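Enquirer: This is the structure I have questions about; it appears just below.
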Amino acid sequence: MLSSAVIAQKSFEFAGHSIKPGEKKSIMLPIKAISGDSTFIPITIVHGTQTGPVLGLIAGIHGYEYPPIMALQKLRPSLNGNELKGTVIMVHIANVKAFFGRSVFYNPVDGKNVNRLFPGNKSGTLSDVIAHTITTEIISRCQYLVDIHAGDANEDLHPYVAYYNYGTQTAKAKQMADALNFPWVIISENLPKPGQPTIYCSAESVSHDIATVAIEYGKLGQVTSEEASFIQNRLLNMMMSIGMLRGAISQTSPAFEIRKRTSIVSNHSGIFYPVVKSGELVKKGTKLGLITGLFGEILEEIVSPVNGFVIYLSVTPPINKGETLFSLASFE
């Protein structure tokens, strides 16, 4: 619960802007690569009148994942700095070029996946600079962070929230995940070793011991108002749970815990025919789909290597060698 005593709050300084206590300000953060390619990141900062933590909410690292983007559109007007303890930094669309280019996974400017480039490189291509900017300008300012994703245009995905069992942030990350109240929670131990690239936005945040969760909600590049509201309401519940907002915290239901995942990648380029859906229980040896050549010849039959559930799968016909076909939650 918030203290009834109002503690004097200083202005929040961000990228040359000064946000006063109680103020909500939206800015365009410019991004420019040494190649001359440029873009911007639309950001809203809500600065509370009382001192508290800084929470980062990041959507649109993949520009075709619409529910997170639309959820922050809904969340922005519902946050009032006079009712907030701490500061919220909302990244509305991290990858604007991919959003307006309707590009699945990749930035159309340089063909790179921003969520494979962290901590980024200020001397790299545009996607490298986007990752670097998020690392240095957003993540570095936060005590809490939510990296919000959805199933892209080719992905049938079962909703889940994920966090890393790593460092002192783990307990707070679990608290955040519990308050988000998703049906599945994935707990990962696989953070890169010190000195190695963190690769993912959430992993970069965790490497700094910032309490971090990742959300996956929505699928097939589609979005409904209900999906956006689902994410918005759970973010508000999470903010109440960490003391940034007043209000009654919604009761949470026990989530199905996933501690081991298995990925299946394609050994061929061809046409993919899945026969299962996300959320389905599968047994080891169950047929999951097949890949044919362009004339219908069978190139590969895909079977489950484990007992488990389907977290997500690719469902569109084209598949390239090395691409992920399935992510499975596996259990003994």
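Residues in the structure tokens are named by chain (A, B, ... in the order shown) and by number from 1 within that chain; ligands are numbered from 1 in the order shown.
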Range 164-262 of chain A: which residues are strand (DSSP E) by DSSP, as a PyMOL selection string?
Expert: chain A and resi 164+184-188+211-216+256-258+261-262
Enquirer: Write out as a tab-separated table a residue-level contact list of range 179-235 of chain A versus range 130-140 of chain A with cut-off 8 Å: for each qualifying residue the closest pair of atoms and the distance in Å to one decimal, counting only C-alpha atoms, rows sorted by chain and residue number upward.
Expert:
residue	atom	partner	partner_atom	distance
A:Cys201	CA	A:Ala131	CA	7.8
A:Glu204	CA	A:Thr135	CA	7.4
A:Ser205	CA	A:Ile139	CA	6.1
Enquirer: Could you check which of A:Phe230, A:Tyr144, A:Phe295, A:Phe309 is closest to Ile210 in chain A, using only C-alpha atoms?
Expert: A:Tyr144
Enquirer: Taking 6 positions as the minimum chain separation for residues in the same chain, which residues sit within 8 Å of Leu220 in chain A when counting only C-alpha atoms? Answer as a PyMOL selection string.
Expert: chain A and resi 151-157
Enquirer: Store the residues of this selection in a file with N, CA and C atoms, as a CSV table (one decimal), in the first residue's frame.
Expert:
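So the final result, stored in result_27.csv, reads:
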chain,number,residue,atom,x,y,z
A,151,GLY,N,2.2,-13.3,-30.3
A,151,GLY,CA,2.5,-14.1,-31.5
A,151,GLY,C,2.5,-13.3,-32.7
A,152,ASP,N,3.6,-13.4,-33.5
A,152,ASP,CA,3.7,-12.7,-34.7
A,152,ASP,C,2.8,-13.3,-35.8
A,153,ALA,N,2.8,-12.7,-37.0
A,153,ALA,CA,1.8,-13.1,-38.1
A,153,ALA,C,1.8,-14.6,-38.4
A,154,ASN,N,2.9,-15.3,-38.1
A,154,ASN,CA,2.9,-16.7,-38.5
A,154,ASN,C,2.8,-17.6,-37.2
A,155,GLU,N,2.6,-17.0,-36.0
A,155,GLU,CA,2.7,-17.8,-34.8
A,155,GLU,C,1.3,-18.0,-34.1
A,156,ASP,N,0.9,-19.2,-33.9
A,156,ASP,CA,-0.2,-19.6,-33.0
A,156,ASP,C,0.4,-19.8,-31.6
A,157,LEU,N,0.0,-19.0,-30.7
A,157,LEU,CA,0.7,-18.9,-29.4
A,157,LEU,C,-0.3,-19.0,-28.2
Enquirer: Calculated over only C-alpha atoms, which of the candidates A:Val185, A:Met240, A:Ala211, A:Ile249 has the smallest distance to Ile311 in chain A?
Expert: A:Val185
Enquirer: Calculate how many Å separate CA of Ala203 in chain A from CA of Phe118 in chain A, rounding to one decimal.
Expert: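 Those two atoms sit 8.3 Å apart.
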Enquirer: Can you list, as number ranges by chain, every protein, DNA or RNA residue that comes within 8 Å of Ala177 in chain A when you count only C-alpha atoms, leaving out same-chain residues fewer than 5 positions away?
Expert: A: 161-163, 182, 185, 213, 238
Enquirer: For the residues in that selection, give me C-alpha atoms as a JSON list (two decimals), in the first residue's frame.
Expert:
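Dumped everything to result-v7.json:
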[["chain", "number", "residue", "atom", "x", "y", "z"],
["A", 161, "VAL", "CA", 4.42, -14.66, -18.74],
["A", 162, "ALA", "CA", 8.10, -15.48, -18.23],
["A", 163, "TYR", "CA", 10.88, -14.53, -15.85],
["A", 182, "PHE", "CA", -1.44, -15.43, -16.86],
["A", 185, "VAL", "CA", 4.43, -18.98, -16.35],
["A", 213, "VAL", "CA", 9.13, -10.19, -16.80],
["A", 238, "MET", "CA", 0.98, -5.56, -11.41]]
Enquirer: Could you tell me which of A:Thr51, A:Asn113, A:Ser11, A:Thr252 comes closest to Glu83 in chain A if we count only C-alpha atoms?
Expert: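 Using only C-alpha atoms, the shortest distance to Glu83 in chain A belongs to A:Thr51.
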Enquirer: If you count only C-alpha atoms, which residues fall within 12 Å of Leu294 in chain A, apart from same-chain ones fewer than 4 positions away, as number ranges by chain?
Expert: A: 268-272, 298-299, 317-319
Enquirer: Please produce an output containing N, CA and C atoms for each residue in the selection, written as a tab-separated table (two decimals), in the first residue's frame.
Expert:
chain	number	residue	atom	x	y	z
A	268	HIS	N	14.41	-28.24	-43.46
A	268	HIS	CA	14.19	-28.02	-44.89
A	268	HIS	C	13.50	-26.68	-45.12
A	269	SER	N	13.62	-26.18	-46.33
A	269	SER	CA	12.77	-25.08	-46.80
A	269	SER	C	11.67	-25.70	-47.64
A	270	GLY	N	10.44	-25.32	-47.36
A	270	GLY	CA	9.33	-25.93	-48.09
A	270	GLY	C	8.00	-25.42	-47.61
A	271	ILE	N	7.00	-26.28	-47.63
A	271	ILE	CA	5.64	-25.94	-47.23
A	271	ILE	C	5.29	-26.75	-45.98
A	272	PHE	N	4.83	-26.05	-44.95
A	272	PHE	CA	4.61	-26.66	-43.64
A	272	PHE	C	3.12	-26.90	-43.41
A	298	ILE	N	6.98	-35.31	-49.71
A	298	ILE	CA	7.23	-35.19	-48.28
A	298	ILE	C	8.72	-35.14	-48.02
A	299	LEU	N	9.15	-34.07	-47.37
A	299	LEU	CA	10.56	-33.89	-47.02
A	299	LEU	C	10.86	-34.30	-45.58
A	317	PRO	N	2.10	-21.50	-44.33
A	317	PRO	CA	2.72	-22.53	-45.18
A	317	PRO	C	4.22	-22.38	-45.42
A	318	PRO	N	4.74	-21.18	-45.72
A	318	PRO	CA	6.17	-21.13	-46.02
A	318	PRO	C	7.02	-21.36	-44.78
A	319	ILE	N	8.06	-22.17	-44.92
A	319	ILE	CA	9.02	-22.40	-43.84
A	319	ILE	C	10.40	-22.49	-44.44
Enquirer: Find the residue from A:Ile41, A:Ile34, A:Ile302, A:Val96 that sits nearest to Ala15 in chain A; use only C-alpha atoms when measuring.
Expert: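 Looking at the shortest contact to Ala15 in chain A, the residue is A:Ile41.
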